[in-house]
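The file my_file07.cif comes next; it holds mmCIF, C-alpha atoms.
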```cif
data_upload
#
loop_
_atom_site.group_PDB
_atom_site.id
_atom_site.type_symbol
_atom_site.label_atom_id
_atom_site.label_comp_id
_atom_site.auth_asym_id
_atom_site.auth_seq_id
_atom_site.Cartn_x
_atom_site.Cartn_y
_atom_site.Cartn_z
ATOM 1 C CA MET A 14 -105.676 -0.425 36.964
ATOM 2 C CA LYS A 15 -108.355 -2.584 35.355
ATOM 3 C CA ILE A 16 -108.714 -6.363 35.494
ATOM 4 C CA TYR A 17 -110.592 -8.525 32.992
ATOM 5 C CA PRO A 18 -111.418 -12.250 32.874
ATOM 6 C CA ILE A 19 -110.111 -13.980 29.765
ATOM 7 C CA GLU A 20 -111.940 -17.239 29.169
ATOM 8 C CA ALA A 21 -109.520 -19.324 27.100
ATOM 9 C CA GLY A 22 -111.747 -22.382 26.698
ATOM 10 C CA ASN A 23 -113.508 -25.106 28.675
ATOM 11 C CA PHE A 24 -112.643 -28.774 28.880
ATOM 12 C CA LYS A 25 -113.194 -31.811 31.108
ATOM 13 C CA LEU A 26 -110.904 -33.848 33.333
ATOM 14 C CA ASP A 27 -111.309 -37.089 35.224
ATOM 15 C CA GLY A 28 -112.844 -36.329 38.613
ATOM 16 C CA GLY A 29 -110.779 -38.964 40.371
ATOM 17 C CA ALA A 30 -107.552 -37.457 39.060
ATOM 18 C CA MET A 31 -108.706 -34.001 40.106
ATOM 19 C CA PHE A 32 -109.396 -35.093 43.699
ATOM 20 C CA GLY A 33 -106.739 -37.745 44.331
ATOM 21 C CA VAL A 34 -107.565 -40.061 47.231
ATOM 22 C CA VAL A 35 -110.890 -38.378 48.085
ATOM 23 C CA PRO A 36 -113.865 -40.717 47.408
ATOM 24 C CA LYS A 37 -116.208 -39.777 44.583
ATOM 25 C CA THR A 38 -119.190 -39.774 46.970
ATOM 26 C CA LEU A 39 -117.617 -36.679 48.563
ATOM 27 C CA TRP A 40 -116.218 -34.662 45.661
ATOM 28 C CA ASN A 41 -119.205 -35.399 43.423
ATOM 29 C CA ARG A 42 -121.322 -33.174 45.681
ATOM 30 C CA THR A 43 -119.467 -30.022 44.596
ATOM 31 C CA ASN A 44 -118.070 -31.108 41.218
ATOM 32 C CA PRO A 45 -120.619 -33.494 39.674
ATOM 33 C CA ALA A 46 -119.211 -35.925 37.136
ATOM 34 C CA ASP A 47 -120.805 -37.039 33.884
ATOM 35 C CA GLU A 48 -121.287 -40.640 32.793
ATOM 36 C CA ASN A 49 -117.565 -40.854 31.930
ATOM 37 C CA ASN A 50 -116.496 -39.587 35.367
ATOM 38 C CA LEU A 51 -115.430 -36.259 33.846
ATOM 39 C CA ILE A 52 -115.963 -32.898 35.546
ATOM 40 C CA ASP A 53 -116.265 -29.417 34.036
ATOM 41 C CA ILE A 54 -113.037 -27.406 33.937
ATOM 42 C CA ALA A 55 -112.386 -23.797 32.889
ATOM 43 C CA ALA A 56 -109.282 -21.960 31.715
ATOM 44 C CA ARG A 57 -110.096 -18.590 33.261
ATOM 45 C CA CYS A 58 -107.062 -16.406 32.635
ATOM 46 C CA MET A 59 -106.630 -12.825 33.829
ATOM 47 C CA LEU A 60 -105.745 -9.626 31.971
ATOM 48 C CA ILE A 61 -104.371 -6.676 33.933
ATOM 49 C CA GLU A 62 -104.405 -3.240 32.314
ATOM 50 C CA ASP A 63 -101.908 -1.186 34.311
ATOM 51 C CA GLY A 64 -100.898 2.064 32.662
ATOM 52 C CA LYS A 65 -99.286 1.188 29.323
ATOM 53 C CA ARG A 66 -98.925 -2.478 30.256
ATOM 54 C CA LEU A 67 -101.312 -5.309 29.416
ATOM 55 C CA ILE A 68 -100.330 -8.312 31.521
ATOM 56 C CA LEU A 69 -101.933 -11.649 30.631
ATOM 57 C CA ILE A 70 -101.779 -14.303 33.349
ATOM 58 C CA ASP A 71 -101.819 -17.793 31.806
ATOM 59 C CA THR A 72 -103.027 -18.607 28.305
ATOM 60 C CA GLY A 73 -104.975 -21.882 28.404
ATOM 61 C CA MET A 74 -104.355 -24.908 26.162
ATOM 62 C CA GLY A 75 -104.080 -23.049 22.876
ATOM 63 C CA ASN A 76 -105.222 -24.621 19.619
ATOM 64 C CA LYS A 77 -102.134 -26.142 17.996
ATOM 65 C CA GLN A 78 -102.345 -29.682 19.355
ATOM 66 C CA SER A 79 -103.760 -32.582 17.363
ATOM 67 C CA GLU A 80 -107.385 -33.603 17.223
ATOM 68 C CA LYS A 81 -106.418 -36.790 19.064
ATOM 69 C CA PHE A 82 -104.785 -34.757 21.846
ATOM 70 C CA PHE A 83 -107.843 -32.564 22.354
ATOM 71 C CA SER A 84 -110.148 -35.592 22.290
ATOM 72 C CA TYR A 85 -108.683 -36.615 25.648
ATOM 73 C CA TYR A 86 -110.008 -33.404 27.208
ATOM 74 C CA SER A 87 -113.577 -33.221 25.832
ATOM 75 C CA LEU A 88 -113.532 -29.550 24.863
ATOM 76 C CA TRP A 89 -116.875 -27.795 25.285
ATOM 77 C CA GLY A 90 -118.345 -24.310 25.029
ATOM 78 C CA ASN A 91 -117.506 -21.398 22.729
ATOM 79 C CA HIS A 92 -114.855 -19.527 24.721
ATOM 80 C CA SER A 93 -111.470 -18.720 23.212
ATOM 81 C CA LEU A 94 -108.592 -16.477 24.167
ATOM 82 C CA ASP A 95 -108.904 -14.331 21.029
ATOM 83 C CA SER A 96 -112.667 -13.867 21.298
ATOM 84 C CA SER A 97 -112.328 -12.932 24.976
ATOM 85 C CA LEU A 98 -109.712 -10.315 24.135
ATOM 86 C CA GLN A 99 -111.812 -8.978 21.254
ATOM 87 C CA LYS A 100 -114.858 -8.697 23.503
ATOM 88 C CA ILE A 101 -113.067 -6.111 25.656
ATOM 89 C CA GLY A 102 -111.440 -4.293 22.752
ATOM 90 C CA PHE A 103 -107.976 -5.856 22.667
ATOM 91 C CA HIS A 104 -105.891 -7.992 20.313
ATOM 92 C CA ARG A 105 -103.116 -10.418 21.177
ATOM 93 C CA ASP A 106 -100.623 -7.966 19.644
ATOM 94 C CA ASP A 107 -101.559 -5.467 22.366
ATOM 95 C CA ILE A 108 -100.270 -7.758 25.142
ATOM 96 C CA THR A 109 -97.027 -6.460 26.668
ATOM 97 C CA ASP A 110 -96.406 -9.245 29.206
ATOM 98 C CA VAL A 111 -97.380 -12.907 29.473
ATOM 99 C CA PHE A 112 -97.026 -14.198 33.042
ATOM 100 C CA MET A 113 -97.218 -17.968 33.372
ATOM 101 C CA SER A 114 -98.141 -19.379 36.773
ATOM 102 C CA HIS A 115 -96.404 -22.559 35.594
ATOM 103 C CA LEU A 116 -95.669 -24.317 32.336
ATOM 104 C CA HIS A 117 -98.147 -27.204 32.280
ATOM 105 C CA PHE A 118 -99.848 -27.341 28.885
ATOM 106 C CA ASP A 119 -103.267 -26.191 30.092
ATOM 107 C CA HIS A 120 -101.719 -23.015 31.502
ATOM 108 C CA CYS A 121 -99.219 -22.041 28.793
ATOM 109 C CA GLY A 122 -100.329 -23.824 25.601
ATOM 110 C CA GLY A 123 -101.814 -20.616 24.201
ATOM 111 C CA SER A 124 -98.448 -18.853 24.546
ATOM 112 C CA VAL A 125 -97.131 -20.483 21.358
ATOM 113 C CA ASN A 126 -98.828 -20.987 17.988
ATOM 114 C CA TRP A 127 -98.083 -22.690 14.708
ATOM 115 C CA ASN A 128 -96.291 -20.418 12.239
ATOM 116 C CA LYS A 129 -98.148 -19.437 9.059
ATOM 117 C CA ASP A 130 -96.958 -22.476 7.101
ATOM 118 C CA LYS A 131 -97.487 -24.884 10.007
ATOM 119 C CA THR A 132 -93.892 -25.987 9.618
ATOM 120 C CA GLY A 133 -92.868 -24.833 13.066
ATOM 121 C CA TYR A 134 -93.858 -22.709 16.033
ATOM 122 C CA GLU A 135 -93.799 -19.056 16.984
ATOM 123 C CA VAL A 136 -94.753 -17.070 20.051
ATOM 124 C CA ALA A 137 -98.430 -16.110 20.037
ATOM 125 C CA PHE A 138 -97.809 -12.646 21.507
ATOM 126 C CA LYS A 139 -95.162 -11.076 19.329
ATOM 127 C CA ASN A 140 -94.866 -7.845 21.318
ATOM 128 C CA ALA A 141 -94.819 -9.389 24.790
ATOM 129 C CA LYS A 142 -92.216 -10.370 27.326
ATOM 130 C CA TYR A 143 -92.771 -13.902 28.623
ATOM 131 C CA TRP A 144 -92.304 -14.395 32.364
ATOM 132 C CA THR A 145 -91.522 -17.473 34.451
ATOM 133 C CA ASN A 146 -88.890 -18.114 37.121
ATOM 134 C CA GLU A 147 -85.568 -19.840 36.627
ATOM 135 C CA ASN A 148 -86.216 -22.689 39.068
ATOM 136 C CA HIS A 149 -89.440 -23.636 37.346
ATOM 137 C CA TRP A 150 -87.894 -23.241 33.877
ATOM 138 C CA GLN A 151 -85.155 -25.729 34.725
ATOM 139 C CA TRP A 152 -87.773 -28.107 36.156
ATOM 140 C CA ALA A 153 -89.958 -27.833 33.049
ATOM 141 C CA THR A 154 -87.185 -28.188 30.457
ATOM 142 C CA LYS A 155 -85.700 -31.236 32.206
ATOM 143 C CA PRO A 156 -88.946 -32.872 33.288
ATOM 144 C CA ASN A 157 -89.320 -35.845 35.591
ATOM 145 C CA ASN A 158 -91.161 -38.888 34.300
ATOM 146 C CA ARG A 159 -94.281 -37.912 36.267
ATOM 147 C CA GLU A 160 -94.680 -34.559 34.506
ATOM 148 C CA LYS A 161 -93.308 -35.215 31.012
ATOM 149 C CA ALA A 162 -96.808 -35.360 29.568
ATOM 150 C CA SER A 163 -97.609 -31.912 30.985
ATOM 151 C CA PHE A 164 -94.433 -30.081 29.902
ATOM 152 C CA LEU A 165 -94.669 -30.084 26.106
ATOM 153 C CA HIS A 166 -91.545 -29.051 24.177
ATOM 154 C CA GLU A 167 -93.544 -27.104 21.597
ATOM 155 C CA ASN A 168 -95.197 -25.009 24.319
ATOM 156 C CA ILE A 169 -91.992 -24.070 26.070
ATOM 157 C CA ILE A 170 -88.837 -23.958 23.931
ATOM 158 C CA PRO A 171 -90.117 -21.399 21.352
ATOM 159 C CA MET A 172 -90.405 -18.842 24.174
ATOM 160 C CA HIS A 173 -86.666 -19.093 24.757
ATOM 161 C CA GLU A 174 -85.791 -19.246 21.066
ATOM 162 C CA SER A 175 -87.753 -16.047 20.421
ATOM 163 C CA GLY A 176 -85.581 -14.083 22.844
ATOM 164 C CA GLN A 177 -88.756 -12.942 24.663
ATOM 165 C CA LEU A 178 -88.364 -15.138 27.745
ATOM 166 C CA HIS A 179 -87.535 -13.441 31.050
ATOM 167 C CA PHE A 180 -87.088 -14.714 34.592
ATOM 168 C CA ILE A 181 -88.734 -13.172 37.637
ATOM 169 C CA GLU A 182 -86.329 -12.768 40.513
ATOM 170 C CA LYS A 183 -87.508 -15.026 43.330
ATOM 171 C CA PRO A 184 -87.112 -13.787 46.912
ATOM 172 C CA ASP A 185 -85.485 -15.875 49.642
ATOM 173 C CA SER A 186 -88.865 -16.522 51.267
ATOM 174 C CA ASP A 187 -91.951 -18.148 49.724
ATOM 175 C CA PHE A 188 -93.670 -14.775 49.246
ATOM 176 C CA GLY A 189 -92.375 -11.535 47.837
ATOM 177 C CA PHE A 190 -93.295 -8.470 45.837
ATOM 178 C CA SER A 191 -92.269 -8.641 42.193
ATOM 179 C CA ASP A 192 -90.944 -5.346 40.841
ATOM 180 C CA GLU A 193 -91.148 -6.847 37.358
ATOM 181 C CA MET A 194 -94.894 -7.475 37.653
ATOM 182 C CA ASN A 195 -95.885 -4.918 40.295
ATOM 183 C CA PHE A 196 -97.709 -7.524 42.370
ATOM 184 C CA GLY A 197 -96.946 -10.027 45.115
ATOM 185 C CA ILE A 198 -96.212 -13.693 44.370
ATOM 186 C CA TYR A 199 -96.583 -16.764 46.583
ATOM 187 C CA TYR A 200 -94.231 -19.563 45.467
ATOM 188 C CA VAL A 201 -95.390 -23.134 46.072
ATOM 189 C CA ASP A 202 -93.841 -26.512 45.275
ATOM 190 C CA GLY A 203 -96.534 -29.111 45.947
ATOM 191 C CA HIS A 204 -98.170 -29.094 42.530
ATOM 192 C CA THR A 205 -94.949 -28.468 40.633
ATOM 193 C CA GLU A 206 -91.669 -26.731 41.343
ATOM 194 C CA LYS A 207 -92.058 -23.001 42.098
ATOM 195 C CA MET A 208 -95.569 -22.456 40.781
ATOM 196 C CA MET A 209 -96.383 -18.756 41.162
ATOM 197 C CA ILE A 210 -99.596 -17.460 42.752
ATOM 198 C CA PRO A 211 -100.107 -13.723 41.985
ATOM 199 C CA HIS A 212 -101.621 -11.415 44.625
ATOM 200 C CA ILE A 213 -102.967 -8.265 42.954
ATOM 201 C CA LYS A 214 -104.022 -5.137 44.830
ATOM 202 C CA TYR A 215 -107.181 -3.859 43.156
ATOM 203 C CA ASN A 216 -108.855 -0.821 44.693
ATOM 204 C CA ASP A 217 -109.377 -1.887 48.316
ATOM 205 C CA LYS A 218 -109.217 -5.621 47.562
ATOM 206 C CA THR A 219 -106.580 -8.311 47.158
ATOM 207 C CA ILE A 220 -107.388 -10.613 44.253
ATOM 208 C CA VAL A 221 -105.417 -13.862 44.182
ATOM 209 C CA PHE A 222 -105.003 -15.868 40.988
ATOM 210 C CA CYS A 223 -105.071 -19.369 42.475
ATOM 211 C CA ALA A 224 -103.793 -21.401 39.478
ATOM 212 C CA ASP A 225 -103.523 -25.052 40.616
ATOM 213 C CA LEU A 226 -103.094 -24.399 44.332
ATOM 214 C CA LEU A 227 -106.903 -24.181 44.539
ATOM 215 C CA PRO A 228 -108.325 -25.387 41.195
ATOM 216 C CA THR A 229 -112.008 -25.198 42.180
ATOM 217 C CA ALA A 230 -114.140 -24.265 45.163
ATOM 218 C CA GLY A 231 -114.597 -27.987 45.736
ATOM 219 C CA HIS A 232 -110.895 -28.270 46.632
ATOM 220 C CA LEU A 233 -111.115 -26.164 49.811
ATOM 221 C CA PRO A 234 -110.784 -29.035 52.350
ATOM 222 C CA LEU A 235 -107.076 -29.671 52.910
ATOM 223 C CA PRO A 236 -107.021 -33.376 51.872
ATOM 224 C CA TYR A 237 -108.748 -32.531 48.582
ATOM 225 C CA VAL A 238 -105.532 -32.492 46.565
ATOM 226 C CA MET A 239 -105.190 -33.304 42.886
ATOM 227 C CA GLY A 240 -103.648 -36.569 41.778
ATOM 228 C CA TYR A 241 -101.598 -34.455 39.380
ATOM 229 C CA ASP A 242 -99.603 -32.862 42.229
ATOM 230 C CA THR A 243 -96.012 -34.059 42.374
ATOM 231 C CA ARG A 244 -95.746 -33.555 46.149
ATOM 232 C CA PRO A 245 -99.270 -33.837 47.604
ATOM 233 C CA LEU A 246 -98.019 -33.937 51.204
ATOM 234 C CA LEU A 247 -96.410 -30.554 50.575
ATOM 235 C CA THR A 248 -99.497 -29.127 48.866
ATOM 236 C CA MET A 249 -101.522 -29.530 52.053
ATOM 237 C CA PRO A 250 -99.418 -27.261 54.330
ATOM 238 C CA GLU A 251 -98.949 -24.784 51.466
ATOM 239 C CA LYS A 252 -102.701 -24.676 50.936
ATOM 240 C CA GLU A 253 -103.384 -24.500 54.684
ATOM 241 C CA LYS A 254 -101.088 -21.488 55.084
ATOM 242 C CA PHE A 255 -102.614 -19.802 52.064
ATOM 243 C CA LEU A 256 -106.245 -20.396 53.041
ATOM 244 C CA LYS A 257 -105.733 -19.178 56.602
ATOM 245 C CA THR A 258 -104.226 -15.967 55.251
ATOM 246 C CA ALA A 259 -107.024 -15.653 52.688
ATOM 247 C CA ALA A 260 -109.703 -16.038 55.373
ATOM 248 C CA GLU A 261 -108.053 -13.597 57.778
ATOM 249 C CA ASN A 262 -107.562 -10.946 55.094
ATOM 250 C CA ASN A 263 -110.740 -11.524 53.055
ATOM 251 C CA PHE A 264 -108.832 -12.232 49.853
ATOM 252 C CA TYR A 265 -110.868 -12.641 46.680
ATOM 253 C CA LEU A 266 -109.816 -15.955 45.166
ATOM 254 C CA TRP A 267 -109.823 -16.121 41.362
ATOM 255 C CA LEU A 268 -110.485 -19.742 40.408
ATOM 256 C CA GLU A 269 -108.805 -20.532 37.115
ATOM 257 C CA HIS A 270 -110.255 -24.025 36.699
ATOM 258 C CA ASP A 271 -113.723 -23.748 38.255
ATOM 259 C CA ALA A 272 -116.215 -23.592 35.391
ATOM 260 C CA HIS A 273 -119.075 -22.518 37.669
ATOM 261 C CA ASN A 274 -117.543 -20.430 40.484
ATOM 262 C CA GLU A 275 -115.447 -17.535 39.224
ATOM 263 C CA ILE A 276 -114.315 -15.739 42.392
ATOM 264 C CA ILE A 277 -114.840 -16.800 45.990
ATOM 265 C CA THR A 278 -114.068 -15.666 49.529
ATOM 266 C CA VAL A 279 -113.447 -18.040 52.415
ATOM 267 C CA GLU A 280 -113.850 -18.057 56.191
ATOM 268 C CA ASN A 281 -112.610 -19.998 59.206
ATOM 269 C CA THR A 282 -115.065 -22.582 60.570
ATOM 270 C CA GLU A 283 -114.925 -25.476 63.037
ATOM 271 C CA LYS A 284 -114.176 -27.757 60.086
ATOM 272 C CA GLY A 285 -111.383 -25.537 58.783
ATOM 273 C CA VAL A 286 -111.424 -22.888 56.073
ATOM 274 C CA ARG A 287 -114.597 -23.151 54.017
ATOM 275 C CA LEU A 288 -116.506 -21.269 51.335
ATOM 276 C CA LYS A 289 -117.960 -17.904 52.367
ATOM 277 C CA GLU A 290 -119.290 -16.173 49.229
ATOM 278 C CA VAL A 291 -119.283 -16.704 45.480
ATOM 279 C CA PHE A 292 -119.027 -13.863 42.961
ATOM 280 C CA HIS A 293 -119.053 -13.343 39.228
ATOM 281 C CA CYS A 294 -115.979 -11.480 38.034
ATOM 282 C CA ASP A 295 -117.984 -8.415 37.005
ATOM 283 C CA GLU A 296 -119.316 -8.021 40.566
ATOM 284 C CA ILE A 297 -115.783 -7.583 41.898
ATOM 285 C CA LEU A 298 -114.158 -5.814 38.946
ATOM 286 C CA ARG A 299 -116.787 -3.207 38.062
#
```

Would you write the structure of this file as structure tokens?
Amino acid sequence: MKIYPIEAGNFKLDGGAMFGVVPKTLWNRTNPADENNLIDIAARCMLIEDGKRLILIDTGMGNKQSEKFFSYYSLWGNHSLDSSLQKIGFHRDDITDVFMSHLHFDHCGGSVNWNKDKTGYEVAFKNAKYWTNENHWQWATKPNNREKASFLHENIIPMHESGQLHFIEKPDSDFGFSDEMNFGIYYVDGHTEKMMIPHIKYNDKTIVFCADLLPTAGHLPLPYVMGYDTRPLLTMPEKEKFLKTAAENNFYLWLEHDAHNEIITVENTEKGVRLKEVFHCDEILR
């Protein structure tokens, strides 16, 4: 097995929204804001080469939205999904599986593209199976008023219409091994219904793709919960359980949204679970 970082693009989000009720004087220490109160955000996806399979976890925002839409997110940098794949010798047509942690636009927007005539949409990975779970699919296709702006019809419905959409079988508990993916998955409901957190065994390590359970290293303290979470009081015990396990087992935490800290480990302290070490992806994956 080989694992590669796929940088699908950088953008900015409002720091207050990213940290909820936490005062700026606190979160600004780890995630400094610019003059517009915006903080740096990454879309650091993961590619797993496992035998004949190429599994892409999340796909970033994509590029099919309007200029007005992207202006809200202050895109920056030169990263793109295609250039990241090309850098390691792959093409989007090589992808066999697209695993989506959840279906918010900044995690699955790159899964669907315009068609050639820009008259409609088509899946961006024509040879891939697309994976979500049925509970989350129902939640995303019949969105509540809070999340409507994050579940975009054009990002989601073409997956089903293509016939390439598949559902992962969820276990009865909140954690289980997925035979479909060949890795473990932690299911959480605080951010959105049944978001999936992959746990990948890599050599002698466990690498965890944190998605929006832990967006950045600055979100380690339990009350540091995003304003985007639908059930913030549920996020906290889910995050507490996860971080305790991560500290006890020395998990390597892959931070999808942290533009400056790629992978971290954590440890138990008197103040709770806190940052232990920071790594670049190539230090862990080489």

Distance cut-off 6 Å, centre (-97.4, -16.8, 19.1) in file coordinates, counting all atoms listed in the file: which residues qualify? Return them as a PyMOL selection string.
chain A and resi 124-126+135-138

May I have the residues from that selection written out with C-alpha atoms, as a PDB file, keeping the file's coordinate frame?
```
ATOM      1  CA  SER A 124     -98.448 -18.853  24.546  1.00  0.00           C
ATOM      2  CA  VAL A 125     -97.131 -20.483  21.358  1.00  0.00           C
ATOM      3  CA  ASN A 126     -98.828 -20.987  17.988  1.00  0.00           C
ATOM      4  CA  GLU A 135     -93.799 -19.056  16.984  1.00  0.00           C
ATOM      5  CA  VAL A 136     -94.753 -17.070  20.051  1.00  0.00           C
ATOM      6  CA  ALA A 137     -98.430 -16.110  20.037  1.00  0.00           C
ATOM      7  CA  PHE A 138     -97.809 -12.646  21.507  1.00  0.00           C
TER       8      PHE A 138
END
```

Answer key for the PyMOL selection byres ((chain A and resi 108-115) around 6), residues as an NGL selection string
:A and (66-71 or 105-107 or 116-117 or 140-145 or 208-209)

Quick one: contact table of stretch 185-284 of chain A to stretch 37-51 of chain A, 12 Å max, nearest atom pair and distance in Å to one decimal per residue, counting all atoms listed in the file, chain and number order, as JSON lines?
```
{"residue": "A:Pro228", "atom": "CA", "partner": "A:Asn44", "partner_atom": "CA", "distance": 11.3}
{"residue": "A:Thr229", "atom": "CA", "partner": "A:Asn44", "partner_atom": "CA", "distance": 8.5}
{"residue": "A:Ala230", "atom": "CA", "partner": "A:Thr43", "partner_atom": "CA", "distance": 7.9}
{"residue": "A:Gly231", "atom": "CA", "partner": "A:Thr43", "partner_atom": "CA", "distance": 5.4}
{"residue": "A:His232", "atom": "CA", "partner": "A:Trp40", "partner_atom": "CA", "distance": 8.4}
{"residue": "A:Leu233", "atom": "CA", "partner": "A:Thr43", "partner_atom": "CA", "distance": 10.6}
{"residue": "A:Pro234", "atom": "CA", "partner": "A:Trp40", "partner_atom": "CA", "distance": 10.3}
{"residue": "A:Pro236", "atom": "CA", "partner": "A:Trp40", "partner_atom": "CA", "distance": 11.2}
{"residue": "A:Tyr237", "atom": "CA", "partner": "A:Trp40", "partner_atom": "CA", "distance": 8.3}
{"residue": "A:Val238", "atom": "CA", "partner": "A:Trp40", "partner_atom": "CA", "distance": 10.9}
{"residue": "A:Met239", "atom": "CA", "partner": "A:Trp40", "partner_atom": "CA", "distance": 11.5}
{"residue": "A:His270", "atom": "CA", "partner": "A:Asn44", "partner_atom": "CA", "distance": 11.5}
{"residue": "A:Asp271", "atom": "CA", "partner": "A:Asn44", "partner_atom": "CA", "distance": 9.0}
{"residue": "A:Ala272", "atom": "CA", "partner": "A:Asn44", "partner_atom": "CA", "distance": 9.7}
{"residue": "A:His273", "atom": "CA", "partner": "A:Asn44", "partner_atom": "CA", "distance": 9.3}
{"residue": "A:Asn274", "atom": "CA", "partner": "A:Thr43", "partner_atom": "CA", "distance": 10.6}
```

Residue IDs satisfying the PyMOL selection byres ((chain A and resi 203) around 8), as a PyMOL selection string:
chain A and resi 201-202+204-206+242-249+251

Please produce a file of those selected residues containing C-alpha atoms, as an mmCIF file, in the coordinates of the input.
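Result saved to result06.cif:
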```
data_model
loop_
_atom_site.group_PDB
_atom_site.id
_atom_site.type_symbol
_atom_site.label_atom_id
_atom_site.label_comp_id
_atom_site.auth_asym_id
_atom_site.auth_seq_id
_atom_site.Cartn_x
_atom_site.Cartn_y
_atom_site.Cartn_z
ATOM 1 C CA VAL A 201 -95.390 -23.134 46.072
ATOM 2 C CA ASP A 202 -93.841 -26.512 45.275
ATOM 3 C CA HIS A 204 -98.170 -29.094 42.530
ATOM 4 C CA THR A 205 -94.949 -28.468 40.633
ATOM 5 C CA GLU A 206 -91.669 -26.731 41.343
ATOM 6 C CA ASP A 242 -99.603 -32.862 42.229
ATOM 7 C CA THR A 243 -96.012 -34.059 42.374
ATOM 8 C CA ARG A 244 -95.746 -33.555 46.149
ATOM 9 C CA PRO A 245 -99.270 -33.837 47.604
ATOM 10 C CA LEU A 246 -98.019 -33.937 51.204
ATOM 11 C CA LEU A 247 -96.410 -30.554 50.575
ATOM 12 C CA THR A 248 -99.497 -29.127 48.866
ATOM 13 C CA MET A 249 -101.522 -29.530 52.053
ATOM 14 C CA GLU A 251 -98.949 -24.784 51.466
#
```

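Evaluated on this file, the PyMOL selection byres ((chain A and resi 256) around 9) matches Leu233, Glu251, Lys252, Glu253, Lys254, Phe255, Lys257, Thr258, Ala259, Ala260, Glu261, Val279, Glu280, Asn281, Val286 and Arg287 of chain A.
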
Could you check how far atom CA of A:Ile52 sits from atom CA of A:Trp89, in Å to one decimal?
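Atom CA of A:Ile52 sits 11.5 Å away from atom CA of A:Trp89.
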
By how many Å are atom CA of A:Gly123 and atom CA of A:Gln177 apart?
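Pair atom CA of A:Gly123 / atom CA of A:Gln177 returns 15.2 Å.
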
Selected residue of minimal separation from A:Ile277 among A:Phe222, A:Phe32, A:Tyr215, A:Tyr199, counting all atoms listed in the file
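Ranking A:Phe222, A:Phe32, A:Tyr215, A:Tyr199 by distance to A:Ile277, first place goes to A:Phe222.
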
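The residue set within 9 Å of A:Leu94, counting only C-alpha atoms and dropping same-chain residues fewer than 2 places from it, reads Ile19, Glu20, Ala21, Gly22, Cys58, Thr72, Gly73, Gly75, His92, Ser96, Ser97, Leu98, Gln99, Arg105 and Gly123 of chain A.
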
Could you dump the residues just selected with C-alpha atoms as an mmCIF file, keeping the file's coordinate frame?
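The resulting file, result.cif, is reproduced below:
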```
data_model
loop_
_atom_site.group_PDB
_atom_site.id
_atom_site.type_symbol
_atom_site.label_atom_id
_atom_site.label_comp_id
_atom_site.auth_asym_id
_atom_site.auth_seq_id
_atom_site.Cartn_x
_atom_site.Cartn_y
_atom_site.Cartn_z
ATOM 1 C CA ILE A 19 -110.111 -13.980 29.765
ATOM 2 C CA GLU A 20 -111.940 -17.239 29.169
ATOM 3 C CA ALA A 21 -109.520 -19.324 27.100
ATOM 4 C CA GLY A 22 -111.747 -22.382 26.698
ATOM 5 C CA CYS A 58 -107.062 -16.406 32.635
ATOM 6 C CA THR A 72 -103.027 -18.607 28.305
ATOM 7 C CA GLY A 73 -104.975 -21.882 28.404
ATOM 8 C CA GLY A 75 -104.080 -23.049 22.876
ATOM 9 C CA HIS A 92 -114.855 -19.527 24.721
ATOM 10 C CA SER A 96 -112.667 -13.867 21.298
ATOM 11 C CA SER A 97 -112.328 -12.932 24.976
ATOM 12 C CA LEU A 98 -109.712 -10.315 24.135
ATOM 13 C CA GLN A 99 -111.812 -8.978 21.254
ATOM 14 C CA ARG A 105 -103.116 -10.418 21.177
ATOM 15 C CA GLY A 123 -101.814 -20.616 24.201
#
```

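The smallest atom-to-atom distance between A:Arg57 and any of A:Ile170, A:Val34, A:Leu268, A:Leu227, using only C-alpha atoms, is found for A:Leu268.
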
Would you compute the distance between atom CA of A:Leu235 and atom CA of A:Phe24? Give it in Å to one decimal.
24.7 Å

Return the single residue from A:Pro18, A:Asp27, A:Leu88, A:Glu193 that is closest to A:Tyr241, with distances computed using only C-alpha atoms.
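Closest to A:Tyr241, using only C-alpha atoms: A:Asp27.
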
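Minimum atom-to-atom distances from A:Gly122, A:Pro184, A:Gly28, A:Gly176 to A:Asn76 were compared using only C-alpha atoms, and the lowest value belongs to A:Gly122.
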
Using only C-alpha atoms, determine which residues lie at most 10 Å from A:Lys155, disregarding the query and same-chain residues fewer than 6 positions distant; provide the list as a list in words.
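Answer for this query is His149, Lys161 and Phe164 of chain A.
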
Mind writing the picked residues with C-alpha atoms as a short mmCIF file (atom, residue, chain, number, x, y, z; two decimals), in the coordinates of the input?
```
data_model
loop_
_atom_site.label_atom_id
_atom_site.label_comp_id
_atom_site.auth_asym_id
_atom_site.auth_seq_id
_atom_site.Cartn_x
_atom_site.Cartn_y
_atom_site.Cartn_z
CA HIS A 149 -89.44 -23.64 37.35
CA LYS A 161 -93.31 -35.22 31.01
CA PHE A 164 -94.43 -30.08 29.90
#
```

Considering only C-alpha atoms, can you say which of A:Ile101, A:Met194, A:Met59, A:Ala162 comes closest to A:Ile276?
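Counting only C-alpha atoms, the residue closest to A:Ile276 is A:Met59.
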